[in-house]
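To keep things clear, I will list the structure first and then write my remarks on it.
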Amino acid sequence: MPYRIVANGDAGLSVVFTAQVSEKLTRHIQVLSRLCAKEFAGLVTDIIPAYQSLTLCYLPLAAHQQQIMEKLQRILRHDLPEQDLNSQLITIPVCYEQAYAPDLISLAQACDLSVEQVIALHSNTDYLLHMLGFSPGFLYLGGLDPRLSCPRKTTPSARVPAGSVGIGGNQTGIYPQQTPGGWHIIGRTPITLFNPNLPSPCVAQPLDKIRFTAISAADFEAIRHTPT
Amino acid sequence: MSIEVISPGLQTSIQDLGRQGHMHLGVAKSGAMDNLSMQLANWLVGNALEHPVFEISLLGPTLRFTQALTIAICGAKFDIYLASEDRKRIAVNTNQSIQVKAGDTLHFTQRLQGARAYLAFAATLDCAPVLNSYSTHFAAQFAGFKGRALQKGDRVILSHCEVRKIKTLPKVLQQHYSGSYLLRCVPSVETEHFSEAQLTQFYSSTYVLRSDSNRMGLRFDAKPLTKLNMQELVSSGLTQGSVQIPPSGLPIISSVDGQTIGGYSRIANVISADHFALGQLVAGDKVNFTLLSQQDAQDIYARQYMALKALSSS
């Protein structure tokens, strides 16, 4: 896959791929990411896989940078090894009832659909998890039905509750923590998306498929109060 | 033994050098914004340089100590005094260690220079590291003291309190904050997307820090860059010190609590050796940017790194 290596400040390098965002590219970047984690153990402080790039962070010492650069070029010169990345289907329960979905009706109107159609289109899709990032546990998902695409709000909401499921542009996602946000909120999940005390703090890994299943408000409360 | 929070100040939190290796989960580094002052304060009390400290922002706290120990404050200058139980007041100097008696209360009053002070203790803070760091992660509310800034009435438990020998920071390491800074930069991922005219404007303008700056990002006012290439950028890994240019044409520098993935073009990256200065910027402060080579940036960092190593073994 064609790429170039670009400086990301004095303490980082980004491998930027020119191919379009796809499952194949995400797989390639994940394989490379794991390989780098192994090859550069003790040398690299952070590895950030993204849609079309992989960023390696290290101490800004010339010797470290040179060592990483040389080894990285050697790795990229060859085909990456085939690896079974063990992707899973993760189901995330979402309550689309009005109390949890302040923008569902306005979004349905903007998309010229009924509320039921929005819920059906949103929940009957397997989304690809391209990457985690932005804030702890945020999932970058691919595969939103184009009929649900809707520009972000012009004025962001000051406080979006944790677990809120939103649509912004051609993306859908879940706010892991309570934050301000500009997406249209069409539901909420009762599950915790990020728990730093678990061995695996996020609910899913890149390349997993995510499916939203509609639940009632009663189920929402029941799940929320179930200790994890 | 504990530290009782009589008044918390604007944002007083537990921070160390931050956490590494979790950015792929969306977890920013956190840690002391001025990592240099944090380490100098630790040296003064005889701690390992990476020991957790209190980061004190803009408005300082009032803290009561229930046991004798050695403390030190580095970074931003405040008027500070120590009140003993018999109501005697002693002015407290920064950049040297201080002996605190049981029952003493430390008062931060007027801020004089810089934005953040760092308070180190010759003691062990009784809180657990999360994802390998004591640093408070504000957005996801974990680590530090209950994952948040200190509040009135909190008791931060200390163990192994020690009274150690008084040290003074060598003059050459004492920091002064003029309110006018030159931040040194190297290129970043999208630097080549900017025109010669835009780069010239960026490196010749004086930027003024806005009050909506915080530990996530520093925002500036000046004449905006225009004719930006508005092609939508695919989000990618965002590193500390990245100078992003959003559609407003005004820069945002990503700092310790910054998001791990970003979608704005990066015109430059503040060199690692200058990151500490970002922690001392106050609204209204003036900043100019200058471009260095990677080699120079790494040489400067290596010198800073060696100086801190030498200090820690002295």
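Chains: A, B, ... in order of the structure tokens. Residues: from 1 per chain. Ligands: from 1, in order shown.
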Practice prompt. Find the residues around Leu131 (chain B) up to 10 Å (only C-alpha atoms counted), leave out those fewer than 3 positions away in its own chain, and share them as a ChimeraX atom specification.
Written response: /A:196-199,201 /B:18-22,27,128,134-135,142-143
Practice prompt. Please determine the contact residues of chain B with respect to chain A at a cut-off of 9 Å, counting only C-alpha atoms, and supply them as an MDAnalysis selection string.
Written response: chainID B and resid 20:28 130:131 139:142 185:190 234:242 258:262 268:273 294:295 297:299 301:302
Practice prompt. Fewer than 4 positions away in the same chain doesn't count, so skip those; otherwise give me all residues within 6 Å of region 55-58 of chain B, counting only C-alpha atoms, as a list in words.
Written response: Gln11, Thr12, Ser13, Ala115, Arg116, Ala117 and Tyr118 of chain B
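Take CA of Ser180 (chain B) and CA of Gly9 (chain B): the distance between them is 25.1 Å.
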Worksheet item: Between B:Asn95, B:Leu292, B:Leu59, B:Tyr264, which one has atoms that come closest to Lys171 (chain B), using only C-alpha atoms?
Response: B:Asn95
I'd like the neighbourhood of region 50-54 of chain B as a CSV table (one decimal) with all heavy atoms, in the first residue's frame, where a residue qualifies if any of its atoms comes within 6 Å (using only C-alpha atoms), though same-chain residues fewer than 4 positions away should be ignored.
```csv
chain,number,residue,atom,x,y,z
B,13,SER,N,-5.0,20.0,41.4
B,13,SER,CA,-5.1,18.6,41.1
B,13,SER,C,-3.8,17.8,41.3
B,13,SER,O,-2.7,18.5,41.3
B,13,SER,CB,-5.7,18.3,39.7
B,13,SER,OG,-4.7,18.7,38.8
B,14,ILE,N,-3.9,16.5,41.4
B,14,ILE,CA,-2.7,15.7,41.5
B,14,ILE,C,-2.3,15.3,40.1
B,14,ILE,O,-3.1,14.9,39.3
B,14,ILE,CB,-3.0,14.4,42.4
B,14,ILE,CG1,-3.3,14.8,43.8
B,14,ILE,CG2,-1.8,13.4,42.3
B,14,ILE,CD1,-3.8,13.7,44.7
B,15,GLN,N,-1.0,15.6,39.8
B,15,GLN,CA,-0.4,15.3,38.5
B,15,GLN,C,1.0,14.8,38.7
B,15,GLN,O,1.7,15.2,39.6
B,15,GLN,CB,-0.4,16.6,37.6
B,15,GLN,CG,-1.7,17.2,37.4
B,15,GLN,CD,-2.7,16.4,36.5
B,15,GLN,OE1,-2.3,15.5,35.8
B,15,GLN,NE2,-4.0,16.8,36.6
B,16,ASP,N,1.4,13.9,37.8
B,16,ASP,CA,2.8,13.5,37.7
B,16,ASP,C,3.3,13.8,36.2
B,16,ASP,O,2.8,14.7,35.6
B,16,ASP,CB,3.0,12.1,38.2
B,16,ASP,CG,2.2,11.0,37.4
B,16,ASP,OD1,1.7,11.4,36.3
B,16,ASP,OD2,2.1,9.9,37.9
B,17,LEU,N,4.2,12.9,35.7
B,17,LEU,CA,4.6,13.2,34.3
B,17,LEU,C,3.6,12.7,33.3
B,17,LEU,O,3.8,12.8,32.1
B,17,LEU,CB,6.0,12.6,34.1
B,17,LEU,CG,7.1,13.3,34.7
B,17,LEU,CD1,8.5,12.6,34.5
B,17,LEU,CD2,7.3,14.7,34.2
B,118,TYR,N,3.6,24.4,41.4
B,118,TYR,CA,3.7,22.9,41.7
B,118,TYR,C,4.2,22.7,43.1
B,118,TYR,O,5.2,23.3,43.5
B,118,TYR,CB,4.6,22.2,40.6
B,118,TYR,CG,3.9,22.3,39.3
B,118,TYR,CD1,4.1,23.4,38.4
B,118,TYR,CD2,3.1,21.3,38.9
B,118,TYR,CE1,3.4,23.5,37.2
B,118,TYR,CE2,2.4,21.3,37.7
B,118,TYR,CZ,2.5,22.4,36.9
B,118,TYR,OH,1.9,22.5,35.7
B,119,LEU,N,3.4,22.0,43.9
B,119,LEU,CA,3.7,21.8,45.3
B,119,LEU,C,4.1,20.4,45.5
B,119,LEU,O,3.3,19.5,45.2
B,119,LEU,CB,2.4,22.2,46.1
B,119,LEU,CG,2.4,21.8,47.6
B,119,LEU,CD1,3.5,22.6,48.3
B,119,LEU,CD2,1.0,22.2,48.2
B,120,ALA,N,5.3,20.2,45.9
B,120,ALA,CA,5.8,18.8,46.1
B,120,ALA,C,6.0,18.5,47.6
B,120,ALA,O,6.2,19.5,48.4
B,120,ALA,CB,7.2,18.6,45.4
```
Worksheet item: Out of region 17-79 of chain A, which residues get strand (DSSP E or B) from DSSP, as an NGL selection string?
Response: :A and (17 or 44-49 or 53-58)
Worksheet item: Out of region 100-212 of chain B, which residues get alpha helix (DSSP H) from DSSP, as a ChimeraX atom specification?
Response: /B:196-204
With all heavy atoms retained, could you export that selection as a PDB file, in the first residue's frame?
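Below you can see again.pdb, which holds the result:
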```pdb
ATOM      1  N   GLU B 196       3.352  29.642   1.379  1.00  0.00           N
ATOM      2  CA  GLU B 196       4.487  30.443   1.852  1.00  0.00           C
ATOM      3  C   GLU B 196       3.965  31.662   2.615  1.00  0.00           C
ATOM      4  O   GLU B 196       4.456  31.986   3.694  1.00  0.00           O
ATOM      5  CB  GLU B 196       5.305  30.880   0.622  1.00  0.00           C
ATOM      6  CG  GLU B 196       6.749  31.182   0.898  1.00  0.00           C
ATOM      7  CD  GLU B 196       7.494  30.007   1.545  1.00  0.00           C
ATOM      8  OE1 GLU B 196       7.382  28.837   1.065  1.00  0.00           O
ATOM      9  OE2 GLU B 196       8.170  30.265   2.542  1.00  0.00           O
ATOM     10  N   ALA B 197       2.924  32.304   2.063  1.00  0.00           N
ATOM     11  CA  ALA B 197       2.380  33.526   2.679  1.00  0.00           C
ATOM     12  C   ALA B 197       1.776  33.203   4.051  1.00  0.00           C
ATOM     13  O   ALA B 197       1.950  33.962   5.015  1.00  0.00           O
ATOM     14  CB  ALA B 197       1.320  34.135   1.767  1.00  0.00           C
ATOM     15  N   GLN B 198       1.079  32.072   4.139  1.00  0.00           N
ATOM     16  CA  GLN B 198       0.466  31.682   5.424  1.00  0.00           C
ATOM     17  C   GLN B 198       1.547  31.372   6.455  1.00  0.00           C
ATOM     18  O   GLN B 198       1.444  31.771   7.621  1.00  0.00           O
ATOM     19  CB  GLN B 198      -0.453  30.471   5.227  1.00  0.00           C
ATOM     20  CG  GLN B 198      -1.733  30.829   4.474  1.00  0.00           C
ATOM     21  CD  GLN B 198      -2.487  29.600   3.995  1.00  0.00           C
ATOM     22  OE1 GLN B 198      -1.902  28.544   3.775  1.00  0.00           O
ATOM     23  NE2 GLN B 198      -3.794  29.744   3.832  1.00  0.00           N
ATOM     24  N   LEU B 199       2.590  30.666   6.035  1.00  0.00           N
ATOM     25  CA  LEU B 199       3.666  30.329   6.967  1.00  0.00           C
ATOM     26  C   LEU B 199       4.387  31.596   7.427  1.00  0.00           C
ATOM     27  O   LEU B 199       4.698  31.749   8.603  1.00  0.00           O
ATOM     28  CB  LEU B 199       4.652  29.356   6.305  1.00  0.00           C
ATOM     29  CG  LEU B 199       4.116  27.929   6.137  1.00  0.00           C
ATOM     30  CD1 LEU B 199       4.970  27.121   5.173  1.00  0.00           C
ATOM     31  CD2 LEU B 199       4.045  27.210   7.483  1.00  0.00           C
ATOM     32  N   THR B 200       4.596  32.515   6.496  1.00  0.00           N
ATOM     33  CA  THR B 200       5.260  33.776   6.851  1.00  0.00           C
ATOM     34  C   THR B 200       4.414  34.538   7.865  1.00  0.00           C
ATOM     35  O   THR B 200       4.931  35.049   8.866  1.00  0.00           O
ATOM     36  CB  THR B 200       5.485  34.640   5.584  1.00  0.00           C
ATOM     37  OG1 THR B 200       6.251  33.867   4.671  1.00  0.00           O
ATOM     38  CG2 THR B 200       6.202  35.934   5.902  1.00  0.00           C
ATOM     39  N   GLN B 201       3.108  34.581   7.602  1.00  0.00           N
ATOM     40  CA  GLN B 201       2.227  35.291   8.548  1.00  0.00           C
ATOM     41  C   GLN B 201       2.262  34.623   9.923  1.00  0.00           C
ATOM     42  O   GLN B 201       2.371  35.288  10.955  1.00  0.00           O
ATOM     43  CB  GLN B 201       0.789  35.316   8.004  1.00  0.00           C
ATOM     44  CG  GLN B 201      -0.135  36.181   8.860  1.00  0.00           C
ATOM     45  CD  GLN B 201      -1.590  36.132   8.410  1.00  0.00           C
ATOM     46  OE1 GLN B 201      -1.894  35.874   7.238  1.00  0.00           O
ATOM     47  NE2 GLN B 201      -2.500  36.381   9.344  1.00  0.00           N
ATOM     48  N   PHE B 202       2.209  33.286   9.933  1.00  0.00           N
ATOM     49  CA  PHE B 202       2.217  32.557  11.211  1.00  0.00           C
ATOM     50  C   PHE B 202       3.488  32.855  11.995  1.00  0.00           C
ATOM     51  O   PHE B 202       3.445  33.142  13.194  1.00  0.00           O
ATOM     52  CB  PHE B 202       2.081  31.048  10.954  1.00  0.00           C
ATOM     53  CG  PHE B 202       2.227  30.209  12.189  1.00  0.00           C
ATOM     54  CD1 PHE B 202       1.231  30.207  13.159  1.00  0.00           C
ATOM     55  CD2 PHE B 202       3.369  29.437  12.404  1.00  0.00           C
ATOM     56  CE1 PHE B 202       1.360  29.449  14.320  1.00  0.00           C
ATOM     57  CE2 PHE B 202       3.500  28.669  13.555  1.00  0.00           C
ATOM     58  CZ  PHE B 202       2.505  28.682  14.513  1.00  0.00           C
ATOM     59  N   TYR B 203       4.631  32.819  11.327  1.00  0.00           N
ATOM     60  CA  TYR B 203       5.895  32.996  12.044  1.00  0.00           C
ATOM     61  C   TYR B 203       6.245  34.463  12.296  1.00  0.00           C
ATOM     62  O   TYR B 203       7.221  34.738  12.989  1.00  0.00           O
ATOM     63  CB  TYR B 203       7.033  32.279  11.306  1.00  0.00           C
ATOM     64  CG  TYR B 203       6.991  30.775  11.542  1.00  0.00           C
ATOM     65  CD1 TYR B 203       6.696  29.893  10.512  1.00  0.00           C
ATOM     66  CD2 TYR B 203       7.236  30.253  12.812  1.00  0.00           C
ATOM     67  CE1 TYR B 203       6.651  28.513  10.735  1.00  0.00           C
ATOM     68  CE2 TYR B 203       7.192  28.883  13.046  1.00  0.00           C
ATOM     69  CZ  TYR B 203       6.896  28.019  12.004  1.00  0.00           C
ATOM     70  OH  TYR B 203       6.848  26.669  12.238  1.00  0.00           O
ATOM     71  N   SER B 204       5.466  35.402  11.751  1.00  0.00           N
ATOM     72  CA  SER B 204       5.796  36.804  12.026  1.00  0.00           C
ATOM     73  C   SER B 204       4.739  37.485  12.885  1.00  0.00           C
ATOM     74  O   SER B 204       4.929  38.623  13.301  1.00  0.00           O
ATOM     75  CB  SER B 204       6.013  37.565  10.714  1.00  0.00           C
ATOM     76  OG  SER B 204       4.837  37.489   9.938  1.00  0.00           O
TER      77      SER B 204
END
```
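From CA of Ser2 (chain B) back to CA of Thr105 (chain B), the distance works out to 12.1 Å.
Neighbouring residues of region 217-224 of chain A at 8 Å or closer, counting only C-alpha atoms and skipping chain neighbours under 6 positions away, are Val94, Cys95, Glu97, Thr189, Pro190 and Ile191 of chain A.
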Write a file of the just-selected residues containing N, CA, C and O atoms, as an mmCIF file, in the first residue's frame.
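result_10.cif, freshly written:
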```
data_model
loop_
_atom_site.group_PDB
_atom_site.id
_atom_site.type_symbol
_atom_site.label_atom_id
_atom_site.label_comp_id
_atom_site.auth_asym_id
_atom_site.auth_seq_id
_atom_site.Cartn_x
_atom_site.Cartn_y
_atom_site.Cartn_z
ATOM 1 N N VAL A 94 -29.316 0.182 22.958
ATOM 2 C CA VAL A 94 -29.607 1.617 22.891
ATOM 3 C C VAL A 94 -31.094 1.823 23.110
ATOM 4 O O VAL A 94 -31.923 1.154 22.492
ATOM 5 N N CYS A 95 -31.424 2.734 24.007
ATOM 6 C CA CYS A 95 -32.811 3.124 24.176
ATOM 7 C C CYS A 95 -33.074 4.355 23.319
ATOM 8 O O CYS A 95 -32.421 5.386 23.487
ATOM 9 N N GLU A 97 -36.020 5.775 23.134
ATOM 10 C CA GLU A 97 -37.240 6.467 23.607
ATOM 11 C C GLU A 97 -36.925 7.932 23.899
ATOM 12 O O GLU A 97 -35.784 8.301 24.198
ATOM 13 N N THR A 189 -27.123 4.665 25.458
ATOM 14 C CA THR A 189 -26.832 3.312 25.942
ATOM 15 C C THR A 189 -26.588 3.351 27.450
ATOM 16 O O THR A 189 -25.963 4.294 27.942
ATOM 17 N N PRO A 190 -27.057 2.328 28.173
ATOM 18 C CA PRO A 190 -26.797 2.279 29.612
ATOM 19 C C PRO A 190 -25.416 1.716 29.944
ATOM 20 O O PRO A 190 -25.006 1.754 31.098
ATOM 21 N N ILE A 191 -24.700 1.182 28.951
ATOM 22 C CA ILE A 191 -23.426 0.548 29.290
ATOM 23 C C ILE A 191 -22.304 1.590 29.368
ATOM 24 O O ILE A 191 -22.378 2.656 28.771
#
```
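Across the structure, CA of Ile185 (chain A) and CA of Ala162 (chain A) are spaced 11.3 Å apart.
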Worksheet item: Counting only C-alpha atoms, what is within 12 Å of Gly168 (chain A), bar same-chain residues fewer than 6 positions away, as a PyMOL selection string?
Response: chain A and resi 103+107+140-141+144+146+148-154+156+174-175+181-186
Fill in: Contacts of Gly153 (chain B) within 7 Å, only C-alpha atoms, excl. fewer than 2 positions in-chain, as a list in words
Glu4, Val5, Ile6, Gln151 and Arg155 of chain B
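Of the listed residues B:Arg184, B:His193, B:Leu49, B:Leu225, the one whose atoms come nearest to Ser293 (chain B) is B:Arg184, with distances taken using only C-alpha atoms.
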Discussion item. Under the rule that only C-alpha atoms are counted, which of B:Cys127, B:Leu250, B:Cys161, B:Ile73 is the nearest residue to Phe108 (chain B)?
Written reply: B:Ile73
Interface rows for region 128-209 of chain A against region 67-91 of chain A: nearest pair, Å to one decimal, 6 Å, only C-alpha atoms, as JSON lines:
```
{"residue": "A:Leu207", "atom": "CA", "partner": "A:Ser87", "partner_atom": "CA", "distance": 5.7}
{"residue": "A:Asp208", "atom": "CA", "partner": "A:Ser87", "partner_atom": "CA", "distance": 4.6}
{"residue": "A:Lys209", "atom": "CA", "partner": "A:Leu89", "partner_atom": "CA", "distance": 4.7}
```
Worksheet item: Between B:Ser133, B:Thr94, B:Ser205, B:Ser195, which is the closest to Thr290 (chain B) once you count only C-alpha atoms?
Response: B:Ser205
